[in-house]
There are 4 protein chains.
Amino acid sequence: MANDKIQLTGVEVAKHNTKDDCWVIVHGRAYDVTEFLPEHPGGQKIILKYAGKDATEEFEPIHPPDTLEKYLDKSKHLGPVDMTTVLKEKTEQSPEELERQERIKEMPLLSQCYNLMDFEAVAKRVMRKTAWGYYSSAADDEITMRENHAAFHRIWFRPQVLVDVTEVDLRTTMLGTKVDIPFYVTATALGKLGHVEGEVVLTRASQKHNVIQMIPTLASCAFDEIVDAAGPGQVQWLQLYVNKDRSITRKIVEHAEKRGCKGLFITVDAPQLGRREKDMRSKFTDPGSNVQAGQETETNQGAARAISTFIDPGLSWKDIPWFKSITKMPILLKGIQRVEDVIKAIEVGVDGVVLSNHGGRQLDFARSGIEILAETMPVLRKLGLENKIEIYIDGGIRRATDIIKALCLGAKGVGIGRPFLYAMSAYGLDGVDRAMQLLKDEMEMNMRLIGCQNVDQLNPSLVDVRSLYNHGNTPSDSLALSVYDPLVNPPPRPKSKL
Amino acid sequence: MANDKIQLTGVEVAKHNTKDDCWVIVHGRAYDVTEFLPEHPGGQKIILKYAGKDATEEFEPIHPPDTLEKYLDKSKHLGPVDMTTVLKEKTEQSPEELERQERIKEMPLLSQCYNLMDFEAVAKRVMRKTAWGYYSSAADDEITMRENHAAFHRIWFRPQVLVDVTEVDLRTTMLGTKVDIPFYVTATALGKLGHVEGEVVLTRASQKHNVIQMIPTLASCAFDEIVDAAGPGQVQWLQLYVNKDRSITRKIVEHAEKRGCKGLFITVDAPQLGRREKDMRSKFTDPGSNVQAGQETETNQGAARAISTFIDPGLSWKDIPWFKSITKMPILLKGIQRVEDVIKAIEVGVDGVVLSNHGGRQLDFARSGIEILAETMPVLRKLGLENKIEIYIDGGIRRATDIIKALCLGAKGVGIGRPFLYAMSAYGLDGVDRAMQLLKDEMEMNMRLIGCQNVDQLNPSLVDVRSLYNHGNTPSDSLALSVYDPLVNPPPRPKSKL
Amino acid sequence: MANDKIQLTGVEVAKHNTKDDCWVIVHGRAYDVTEFLPEHPGGQKIILKYAGKDATEEFEPIHPPDTLEKYLDKSKHLGPVDMTTVLKEKTEQSPEELERQERIKEMPLLSQCYNLMDFEAVAKRVMRKTAWGYYSSAADDEITMRENHAAFHRIWFRPQVLVDVTEVDLRTTMLGTKVDIPFYVTATALGKLGHVEGEVVLTRASQKHNVIQMIPTLASCAFDEIVDAAGPGQVQWLQLYVNKDRSITRKIVEHAEKRGCKGLFITVDAPQLGRREKDMRSKFTDPGSNVQAGQETETNQGAARAISTFIDPGLSWKDIPWFKSITKMPILLKGIQRVEDVIKAIEVGVDGVVLSNHGGRQLDFARSGIEILAETMPVLRKLGLENKIEIYIDGGIRRATDIIKALCLGAKGVGIGRPFLYAMSAYGLDGVDRAMQLLKDEMEMNMRLIGCQNVDQLNPSLVDVRSLYNHGNTPSDSLALSVYDPLVNPPPRPKSKL
Amino acid sequence: MANDKIQLTGVEVAKHNTKDDCWVIVHGRAYDVTEFLPEHPGGQKIILKYAGKDATEEFEPIHPPDTLEKYLDKSKHLGPVDMTTVLKEKTEQSPEELERQERIKEMPLLSQCYNLMDFEAVAKRVMRKTAWGYYSSAADDEITMRENHAAFHRIWFRPQVLVDVTEVDLRTTMLGTKVDIPFYVTATALGKLGHVEGEVVLTRASQKHNVIQMIPTLASCAFDEIVDAAGPGQVQWLQLYVNKDRSITRKIVEHAEKRGCKGLFITVDAPQLGRREKDMRSKFTDPGSNVQAGQETETNQGAARAISTFIDPGLSWKDIPWFKSITKMPILLKGIQRVEDVIKAIEVGVDGVVLSNHGGRQLDFARSGIEILAETMPVLRKLGLENKIEIYIDGGIRRATDIIKALCLGAKGVGIGRPFLYAMSAYGLDGVDRAMQLLKDEMEMNMRLIGCQNVDQLNPSLVDVRSLYNHGNTPSDSLALSVYDPLVNPPPRPKSKL
């Protein structure tokens with residue numbers, strides 16, 4: 001058992017710098033992780049890089065603060081370190097990093113951002129490469145990720161005019177909660193990669209704009225931190241990756257309900273977290289001099305997979321009754337991708353579904369949520385099931401017109417994830433606040449222009465979806481395109497060798 | 001009350017340069033705008049920039065000359081200023097502006113312009129950035145604006161041959177007026193941004209080519225100036241933004257009728273003027289040293305919204321009888337966007353509609369006028385309503401083939417806006433004259449080539465619209481495209497650190 | 001009357017260098033064109049440029065050699081000039097022309113050209129700008145010209161395998177003439193712009209490969225020269241622009257029949273020759289110092305219109321019986337563009353049609369010949385008319401696969417124009433020879449690969465045309481694209497002025 | 001008869017360096033090829049380049065080792081050469097080659113390759129130009145080659161969720177053989193162009209991953225070498241180009257059966273090997289000083305045609321019974337391209353077909369295997385024939401999602417060719433090993449994400465093929481695109497000459 005009184009020195013810690021004797025410092029305290037090394041979900045390599053050193057900066061964004069408490073036996077907690085005695089590594093900054101520092105100095109004013117894409121543009125310039133890699137990457141050729149956005153562009157409006165739109169009301173209810181505008185902040189992992197405070201920034205912005213935040217299982221902040229950050233009456237939902245160990249899952253669900261969460265969103269599209277090559281490529285590092293050309297021992301998996309080994313690929317429809325037995329929260333299935341499964345969801349008696357492909361991060365060539373919605377609602381209406389559950393979509397929403405299209409087609413609301421992460425990464429709370437305000441401004445204007453006074457008036461006759469199913473203009477396959485060697489016209493006459 | 005005899009000096013005016021005591025000079029006369037500041041539709045900031053100074057250059061293009069007469073109490077008119085005593089600010093020209101001056105020197109000869117796009121290309125090079133920003137911008141991602149043009153490209157001809165086309169007659173009638181070619185000059189705001197004389201340039205060109213000009217509510221010239229510029233027998237129409245204060249609207253309409261306007265076009269697609277981000281971005285200026293990074297107090301709205309706060313978002317079908325009661329002019333609804341509303345228009349007894357999305361400046365993803373037309377006419381024919389009203393379209397017309405396509409599909413005529421603005425901005429009256437002549441030459445030739453002797457012979461069998469509804473090739477979303485970070489192939493092997 | 005004995009001197013001719021007294025030298029002889037100036041179809045300006053000078057180089061390619069004989073009264077023929085006394089103008093070569101000379105030196109070997117596009121690539125590099133402009137230009141935005149080629153790309157093969165294709169026979173008959181491969185050299189104007197010998201080069205290549213040449217009305221060579229260049233038994237057709245003066249037309253037709261032409265192809269898609277803006281732009285020249293900015297008196301029309309003023313726009317179906325009365329040659333209508341007109345052609349009793357849009361040079365957005373063919377044949381088959389006439393197409397053919405597609409869909413053969421002009425312009429007779437040989441090689445191979453032993457076996461089941469009518473991927477509108485100013489993400493933060 | 005004891009000297013060999021007396025050295029032995037010159041399938045020119053010299057480097061990759069034994073009479077085998085006496089030509093390396101050497105030094109680590117495209121990208125950088133030209137080239141405009149890949153992008157998934165996918169089984173059987181994953185290594189020619197060991201590298205990788213290798217007729221390695229390289233129990237198939245001399249074919253088939261091959265794949269899409277222009281262009285060499293501009297005597301055919309003159313274009317359905325009579329191996333037809341031929345194949349009683357267009361190397365605009373499959377299966381099901389034969393496809397497969405799509409649509413498995421060649425060319429056996437492993441990893445993950453536990457569960461309801469037949473987005477025609485000269489806006493005003 002560590003003694004908080006007696007401080008360790010950096011010199012002492014530095015001695016334990018091998019695979020067989022490995023100490024690391026996190027937040028000013030030393031830990032003996034020698035025995036834990038083989039169990040680390042992210043692999044040993046990343047820990048050994050910090051053997052005998054301060055690992056705080058690397059540890060921080062991808063572990064909730066209570067991680068060491070929970071997963072490392074108390075006997076391995078070695079107590080406080082006198083940080084003045086710890087050598088600060090002069091991390092020579094790469095040219096890339098120096099360029100990033102320059103870009104940060106030239107960061108546009110927040111008031112120069114006029115739409116959600118602008119935040120992404122700024123975030124791309126100012127975020128660390130690996131953080132950008134984690135947030136922006138998606139599965140395989142990232143075709144589904146781009147399709148999510150592109151699909152909205154195949155839906156056109158049929159606006160009605162000469163409607164009195166002096167007053168426009170954007171409010172609606174989601175699972176009984178009144179919200180000011182029909183979007184919620186969907187769950188995204190590892191918020192501290194983008195902002196030092198992590199997900200609580202989104203909590204505060206959600207409160208200001210009276211929208212619901214869905215708390216991610218893989219948050220950088222601890223669940224309780226995020227709940228504590230909520231204001232009085234503020235509603236939050238829980239996103240759940242189901243653990244192979246159901247008792248852990250039960251504990252999480254019961255705790256969330258106790259803390260006041262108003263909805264349980266079970267992720268069903270991620271029995272295994274996707275391979276995201278940009279994420280992997282952005283984390284590839286110099287393997288050092290002992291690596292032979294063409295060989296390397298350990299494959300870098302990217303952040304996504306490192307943190308997700310606990311997820312149960314065995315989760316099935318049979319588990320739903322159990323969930324209903326352990327909570328009174330409304331249960332929703334997040335990641336439904338075909339109308340047949342929407343009908344099954346109604347049959348098993350859940351309260352809603354999110355039509356989603358996980359932001360394009362799981363199965364490439366999965367269809368967009370908006371296309372699944374357009375396929376689903378006519379079938380439900382035919383079966384008289386359209387009011388049995390609440391249907392949400394997420395993926396690719398960047399404009400209020402996207403939200404309006406979803407509502408016209410029958411969605412109760414939409415989830416927005418990456419755009420708020422980018423706004424947060426670039427400008428913190430002010431950024432998320434402005435992003436939400438821009439959406440509100442856009443939506444109020446566009447409700448007027450489409451001729452509707454409130455969201456209940458949005459209906460399928462206001463949109464033309466005839467081109468939606470036409471995937472002729474599929475986003476390009478960058479890798480194949482860049483590899484293709486186009487034919488060329490004849491080169492100049494060969495020079496005679498004479 | 002100002003005394004025209006006693007001249008103020010620049011020094012005197014310059015003292016009143018604060019929010020609480022704000023004078024400005026316009027056209028050589030001083031005005032006390034202190035109390036007016038909070039009411040200024042364009043915001044206080046833009047006025048305060050000129051507090052104590054000469055604001056004429058900024059004021060001129062975006063306010064009709066009678067604005068101060070109308071909106072500022074006479075007691076605030078301070079009388080003439082001795083302009084020799086007013087300090088001329090040495091406005092240091094930006095590198096951008098210097099480049100523009102260079103481009104003006106290299107402006108192509110008018111005879112080098114062979115089509116309407118050419119004028120746009122020249123205008124883009126020689127117009128001030130903010131003026132170009134106002135004219136060329138459109139809503140959100142400007143997809144509808146580009147779709148307006150692109151939609152014509154999905155309509156193909158089925159020409160007939162071996163018709164005697166020695167004589168080709170382009171003439172038609174619009175609301176009973178004989179015109180030489182089936183287009184009219186549609187209403188566009190702020191003509192003085194492009195040319196010092198403003199809309200009267202278009203009046204003169206319209207007279208020369210015997211086409212109708214629609215006078216915009218938001219003209220830079222005063223309404224009467226534009227009417228006065230018309231030649232004997234020249235026909236003009238009035239475009240109307242309906243004021244919240246109907247008595248003002250009534251006055252405008254009655255005055256227009258009295259001055260001889262032959263048609264009243266009520267704009268119904270603009271209960272609120274659209275957000276146009278290029279316009280906003282082009283007006284963004286240095287907020288000065290007292291602005292903190294990431295914060296700014298006032299959002300710049302662009303020219304469009306600044307000038308449009310009076311428009312009534314409450315305008316509805318119920319108002320139409322009132323309009324019929326106050327004027328004998330034919331009444332047309334400008335901005336109808338679905339066949340259901342065309343039928344309503346027939347039911348309320350107006351004389352015509354313009355199928356239009358406001359040049360793509362209002363609701364992005366509104367469909368093009370030509371597509372709405374192709375949807376509308378078969379329905380009307382089925383209902384036997386095709387001759388009840390006159391149907392016009394505008395948006396995206398750049399070639400005579402576009403006009404012919406619209407007429408084949410049932411339009412009485414088409415409105416053309418931006419192309420004439422660009423021709424005027426680049427070359428003044430000569431430019432507009434040539435632009436109209438080019439259209440006539442194209443149309444005469446293309447009527448021959450499609451095998452029709454006059455516009456009445458144009459009919460649906462001459463076009464193939466099967467691809468019109470296919471939006472698979474939607475104009476790209478520049479912002480999203482530029483933000484997307486394409487996947488890359490493996491980079492070079494990392495250098496060993498040894 | 002000129003005296004051939006007495007030679008004029010250059011000094012003497014040079015005196016007559018004004019509008020009111022204008023002599024020019026052509027091929028060593030002087031002509032007084034003062035009175036002819038206003039009648040010159042190409043405008044006065046171009047002649048005045050050579051007033052008092054030798055105009056041979058400019059005159060040569062665009063006038064058949066007998067032009068002056070035919071159109072200038074003998075009294076204006078002033079007789080031979082002592083060319084040693086004529087000042088040679090040192091034409092300072094433009095940088096553009098010098099670069100072209102460099103490109104000619106680096107011209108690829110003929111054996112480096114592997115397909116028809118390769119000749120076009122070489123021609124583009126080595127032809128004079130104006131000649132390239134005339135050959136390569138098309139109507140308006142050149143969308144139909146590109147669509148002609150692109151349409152073939154929307155037709156896919158359904159090849160059959162395991163057919164004995166040891167022997168493959170490419171031969172067929174056209175209007176009764178046996179040819180070695182199912183294409184003919186279609187009529188194209190002004191051959192001497194590309195090659196000093198002009199159309200006779202194509203005559204010789206056609207003989208070698210036993211294909212038919214269609215002789216153009218607007219040839220650079222005289223009609224008789226082209227006929228004289230033919231070998232024994234070689235078959236030629238006549239393309240006819242119908243003159244307003246039918247007696248001239250009659251003379252041409254009767255003469256052609258007498259000289260052995262085996263088919264009369266009446267052009268019906270050109271009541272007026274199209275505006276081709278690249279052609280116009282490439283001929284635009286320095287208007288000199290007396291031209292005011294923004295003004296010019298005479299519009300340059302490009303070569304096409306200058307040479308075509310005689311064409312009768314009054315030609316109609318009523319004229320066909322007359323043609324049948326003056327010739328025994330089979331009569332075909334070149335430029336039919338819809339199935340309705342094919343049926344009319346059968347009704348009036350002509351022998352065939354060419355489904356064509358004139359190489360995209362007339363009406364932009366006319367459909368491709370191959371698409372009209374695919375529309376036409378099923379209708380004819382339904383009516384039992386499919387064998388009543390021979391149907392040809394032209395436009396966009398670059399590969400043997402294109403020929404095969406046309407034959408599968410029911411064409412008797414295809415016309416190829418520009419590709420042979422380009423091959424001729426780059427490499428003369430050898431070029432055309434190789435171009436034809438490449439097509440033969442391609443076709444023999446592709447007949448094997450599609451599993452057919454001869455052209456009669458080609459049939460509609462071998463192609464998939466489901467995408468043919470889908471114009472979603474229309475060739476882009478270069479002018480509009482280059483003018484569009486894409487939205488941008490936020491620029492860097494403005495620098496403080498402090 | 002050569003005497004192995006007496007060694008020839010380089011000086012002696014060098015004397016025989018003319019067309020009429022031509023010796024060459026291969027692998028340290030001299031051969032008199034004077035009489036063989038006219039019979040050489042690749043043409044005389046390439047041999048004469050090495051007259052009197054060592055031709056090993058050129059000879060090696062494109063001839064199996066037993067070639068000289070088989071095809072050159074023993075009397076022409078001149079025996080060993082003292083290689084120390086042979087002048088090594090200082091082959092001055094081209095700048096291109098030097099750049100390639102640089103790129104090889106910077107070759108990425110194998111672990112930096114995350115997908116099959118990555119190997120192609122590396123191979124493109126490090127392969128010799130001619131080898132890359134041979135592997136990567138395809139027919140005509142290479143549109144079918146690219147369509148093969150692109151077609152998969154028009155198929156989208158309809159994944160099912162909440163299925164227990166803890167265990168995922170990728171195994172299947174092909175022609176009775178159990179394999180670990182449903183792909184086989186399809187036959188590709190000239191393996192030594194990419195790797196010094198040739199096809200045996202693929203044999204070894206196939207063994208490791210328990211997949212089947214199809215042995216190519218045109219392998220660089222001898223057939224027996226490839227069979228010898230197989231491990232115990234490893235299954236191989238034979239790809240067969242049918243020789244005009246059926247006795248040779250019989251010998252090959254009987255030998256293969258004797259050596260244990262378990263399937264005979266008769267190529268039916270190549271009665272003549274295709275023209276591949278990139279291949280031809282990459283082999284074009286300086287024709288020397290005696291070549292006149294614009295003329296050359298011998299057309300370079302590229303590697304493909306040089307090696308394939310023996311193939312029988314007379315092969316037809318009538319030959320199938322004979323094949324059945326000479327072997328007990330299952331017989332499959334490789335290169336079927338329409339459903340009608342699939343039905344014929346069932347009728348003649350073969351065991352399977354490969355729906356394939358030969359990697360786009362034969363007939364351009366042939367449809368992709370996946371599209372033919374989607375056309376075929378519904379027809380077979382309707383006829384009750386879907387289980388009569390095994391159906392494979394190849395072409396364009398780069399991702400496990402592609403494999404899954406093919407299996408959903410009814411394929412038993414897929415063939416993969418070029419990707420393994422590229423992996424081999426870049427990284428040898430390790431490369432192919434990793435490429436296969438990556439596919440396995442992708443497939444295991446994607447099976448989970450689509451909600452299937454084994455390949456038998458894959459079915460048509462899991463894919464959306466509505467866009468598959470839409471060829472609106474055809475890969476571009478690089479040659480035509482690069483030749484097209486886009487219209488431009490007006491250039492600057494011409495400078496006055498004053």
# chains A, B, ... in the order shown; residues from 1 in each chain; ligands from 1

call {"tool": "residues_around", "arguments": {"residues": "C:Ala123", "least_positions_apart": "4", "cutoff": "8 Å", "atoms": "only C-alpha atoms", "output": "count of residues only"}}
result
7

call {"tool": "residues_around", "arguments": {"residues": "D:Val33", "least_positions_apart": "2", "cutoff": "10 Å", "atoms": "only C-alpha atoms", "output": "number ranges by chain"}}
result
D: 19-24, 30-31, 35-40, 47-48, 51, 72-73, 76-77

call {"tool": "write_last_selection", "arguments": {"atoms": "N, CA, C and O atoms", "output": "PDB file, in the first residue's frame"}}
result
ATOM      1  N   LYS D  19      21.730 -10.829 -88.359  1.00  0.00           N
ATOM      2  CA  LYS D  19      20.500 -11.533 -88.661  1.00  0.00           C
ATOM      3  C   LYS D  19      20.778 -12.889 -89.311  1.00  0.00           C
ATOM      4  O   LYS D  19      20.007 -13.837 -89.158  1.00  0.00           O
ATOM      5  N   ASP D  20      21.852 -12.943 -90.050  1.00  0.00           N
ATOM      6  CA  ASP D  20      22.158 -14.163 -90.789  1.00  0.00           C
ATOM      7  C   ASP D  20      23.046 -15.120 -90.006  1.00  0.00           C
ATOM      8  O   ASP D  20      23.356 -16.236 -90.461  1.00  0.00           O
ATOM      9  N   ASP D  21      23.460 -14.698 -88.879  1.00  0.00           N
ATOM     10  CA  ASP D  21      24.330 -15.536 -88.051  1.00  0.00           C
ATOM     11  C   ASP D  21      24.199 -15.020 -86.629  1.00  0.00           C
ATOM     12  O   ASP D  21      24.963 -14.148 -86.201  1.00  0.00           O
ATOM     13  N   CYS D  22      23.239 -15.586 -85.930  1.00  0.00           N
ATOM     14  CA  CYS D  22      22.848 -14.969 -84.654  1.00  0.00           C
ATOM     15  C   CYS D  22      22.927 -15.964 -83.503  1.00  0.00           C
ATOM     16  O   CYS D  22      22.195 -16.947 -83.445  1.00  0.00           O
ATOM     17  N   TRP D  23      23.929 -15.693 -82.600  1.00  0.00           N
ATOM     18  CA  TRP D  23      24.018 -16.486 -81.372  1.00  0.00           C
ATOM     19  C   TRP D  23      23.622 -15.618 -80.188  1.00  0.00           C
ATOM     20  O   TRP D  23      23.858 -14.411 -80.190  1.00  0.00           O
ATOM     21  N   VAL D  24      23.029 -16.268 -79.197  1.00  0.00           N
ATOM     22  CA  VAL D  24      22.783 -15.541 -77.937  1.00  0.00           C
ATOM     23  C   VAL D  24      23.160 -16.440 -76.759  1.00  0.00           C
ATOM     24  O   VAL D  24      23.197 -17.665 -76.878  1.00  0.00           O
ATOM     25  N   ALA D  30      25.419 -20.900 -74.786  1.00  0.00           N
ATOM     26  CA  ALA D  30      25.178 -20.230 -76.064  1.00  0.00           C
ATOM     27  C   ALA D  30      24.196 -21.035 -76.910  1.00  0.00           C
ATOM     28  O   ALA D  30      24.125 -22.273 -76.816  1.00  0.00           O
ATOM     29  N   TYR D  31      23.431 -20.307 -77.714  1.00  0.00           N
ATOM     30  CA  TYR D  31      22.455 -20.935 -78.611  1.00  0.00           C
ATOM     31  C   TYR D  31      22.520 -20.258 -79.972  1.00  0.00           C
ATOM     32  O   TYR D  31      22.652 -19.027 -80.056  1.00  0.00           O
ATOM     33  N   GLU D  35      18.161 -19.661 -87.346  1.00  0.00           N
ATOM     34  CA  GLU D  35      17.013 -20.196 -88.083  1.00  0.00           C
ATOM     35  C   GLU D  35      15.692 -19.990 -87.335  1.00  0.00           C
ATOM     36  O   GLU D  35      14.619 -19.958 -87.929  1.00  0.00           O
ATOM     37  N   PHE D  36      15.816 -19.846 -86.023  1.00  0.00           N
ATOM     38  CA  PHE D  36      14.612 -19.701 -85.211  1.00  0.00           C
ATOM     39  C   PHE D  36      14.022 -18.277 -85.289  1.00  0.00           C
ATOM     40  O   PHE D  36      12.822 -18.064 -85.067  1.00  0.00           O
ATOM     41  N   LEU D  37      14.893 -17.346 -85.656  1.00  0.00           N
ATOM     42  CA  LEU D  37      14.469 -15.930 -85.631  1.00  0.00           C
ATOM     43  C   LEU D  37      13.071 -15.671 -86.191  1.00  0.00           C
ATOM     44  O   LEU D  37      12.234 -15.056 -85.521  1.00  0.00           O
ATOM     45  N   PRO D  38      12.767 -16.131 -87.409  1.00  0.00           N
ATOM     46  CA  PRO D  38      11.453 -15.792 -87.975  1.00  0.00           C
ATOM     47  C   PRO D  38      10.274 -16.423 -87.224  1.00  0.00           C
ATOM     48  O   PRO D  38       9.142 -15.973 -87.361  1.00  0.00           O
ATOM     49  N   GLU D  39      10.581 -17.466 -86.456  1.00  0.00           N
ATOM     50  CA  GLU D  39       9.478 -18.147 -85.754  1.00  0.00           C
ATOM     51  C   GLU D  39       9.211 -17.583 -84.358  1.00  0.00           C
ATOM     52  O   GLU D  39       8.242 -17.953 -83.707  1.00  0.00           O
ATOM     53  N   HIS D  40      10.099 -16.720 -83.896  1.00  0.00           N
ATOM     54  CA  HIS D  40       9.967 -16.249 -82.525  1.00  0.00           C
ATOM     55  C   HIS D  40       8.650 -15.499 -82.334  1.00  0.00           C
ATOM     56  O   HIS D  40       8.399 -14.497 -82.995  1.00  0.00           O
ATOM     57  N   ILE D  47      15.165 -10.264 -80.232  1.00  0.00           N
ATOM     58  CA  ILE D  47      16.325 -11.165 -80.162  1.00  0.00           C
ATOM     59  C   ILE D  47      17.554 -10.495 -80.741  1.00  0.00           C
ATOM     60  O   ILE D  47      18.653 -10.551 -80.177  1.00  0.00           O
ATOM     61  N   LEU D  48      17.369  -9.841 -81.868  1.00  0.00           N
ATOM     62  CA  LEU D  48      18.530  -9.236 -82.541  1.00  0.00           C
ATOM     63  C   LEU D  48      19.212  -8.198 -81.662  1.00  0.00           C
ATOM     64  O   LEU D  48      20.407  -7.947 -81.787  1.00  0.00           O
ATOM     65  N   ALA D  51      21.935 -10.075 -80.194  1.00  0.00           N
ATOM     66  CA  ALA D  51      22.772 -10.930 -81.058  1.00  0.00           C
ATOM     67  C   ALA D  51      24.233 -10.845 -80.619  1.00  0.00           C
ATOM     68  O   ALA D  51      24.794  -9.761 -80.507  1.00  0.00           O
ATOM     69  N   LEU D  72      13.893 -25.313 -79.107  1.00  0.00           N
ATOM     70  CA  LEU D  72      15.065 -25.141 -79.973  1.00  0.00           C
ATOM     71  C   LEU D  72      15.773 -26.475 -80.140  1.00  0.00           C
ATOM     72  O   LEU D  72      16.125 -27.132 -79.167  1.00  0.00           O
ATOM     73  N   ASP D  73      15.946 -26.837 -81.386  1.00  0.00           N
ATOM     74  CA  ASP D  73      16.559 -28.126 -81.692  1.00  0.00           C
ATOM     75  C   ASP D  73      17.911 -28.252 -80.984  1.00  0.00           C
ATOM     76  O   ASP D  73      18.692 -27.300 -80.900  1.00  0.00           O
ATOM     77  N   LYS D  76      21.242 -26.854 -82.009  1.00  0.00           N
ATOM     78  CA  LYS D  76      21.517 -25.419 -81.906  1.00  0.00           C
ATOM     79  C   LYS D  76      21.995 -25.032 -80.507  1.00  0.00           C
ATOM     80  O   LYS D  76      22.295 -23.877 -80.247  1.00  0.00           O
ATOM     81  N   HIS D  77      22.049 -25.992 -79.622  1.00  0.00           N
ATOM     82  CA  HIS D  77      22.554 -25.753 -78.264  1.00  0.00           C
ATOM     83  C   HIS D  77      24.069 -25.827 -78.335  1.00  0.00           C
ATOM     84  O   HIS D  77      24.632 -26.894 -78.539  1.00  0.00           O
TER      85      HIS D  77
END

call {"tool": "closest_atom_pairs", "arguments": {"of": "chain A", "to": "chain C", "cutoff": "8 Å", "atoms": "only C-alpha atoms", "output": "CSV"}}
result
residue,atom,partner,partner_atom,distance
A:Glu106,CA,C:Pro492,CA,5.2
A:Met107,CA,C:Arg493,CA,5.5
A:Pro108,CA,C:Arg493,CA,3.8
A:Leu109,CA,C:Arg493,CA,5.5
A:Gln112,CA,C:Pro490,CA,6.0
A:Cys113,CA,C:Pro490,CA,6.2
A:Met117,CA,C:Asn489,CA,7.6
A:Asp118,CA,C:Asn489,CA,5.5
A:Ala121,CA,C:Asn489,CA,6.4
A:Val122,CA,C:Pro490,CA,7.6
A:Asn489,CA,C:Asp118,CA,5.5
A:Pro490,CA,C:Gln112,CA,6.0
A:Pro491,CA,C:Pro108,CA,6.3
A:Pro492,CA,C:Pro108,CA,4.8
A:Arg493,CA,C:Pro108,CA,3.9
A:Pro494,CA,C:Pro108,CA,7.4

call {"tool": "closest_residue", "arguments": {"among": "A:Ile215, A:Val339, A:Met443, A:Leu193", "to": "A:Arg171", "atoms": "only C-alpha atoms"}}
result
A:Met443

call {"tool": "select_by_dssp", "arguments": {"residues": "stretch 119-158 of chain D", "states": "alpha helix (DSSP H)", "output": "list of chain:residue names"}}
result
D:Phe119, D:Glu120, D:Ala121, D:Val122, D:Ala123, D:Lys124, D:Arg125, D:Val126, D:Lys129, D:Thr130, D:Ala131, D:Trp132, D:Gly133, D:Tyr134, D:Tyr135, D:Ser136, D:Ile143, D:Thr144, D:Met145, D:Arg146, D:Glu147, D:Asn148, D:His149, D:Ala150, D:Ala151, D:Phe152

call {"tool": "select_by_dssp", "arguments": {"residues": "stretch 172-418 of chain D", "states": "strand (DSSP E)", "output": "ChimeraX atom specification"}}
result
/D:172-174,177-179,183-185,213-215,236-240,264-267,331-336,352-355,390-394,413-416

call {"tool": "residues_around", "arguments": {"residues": "B:Val242", "least_positions_apart": "2", "cutoff": "8 Å", "atoms": "only C-alpha atoms", "output": "count of residues only"}}
result
9

call {"tool": "closest_residue", "arguments": {"among": "C:Val81, C:Val379, C:Ile62, C:Leu421", "to": "C:Ala14", "atoms": "only C-alpha atoms"}}
result
C:Val81
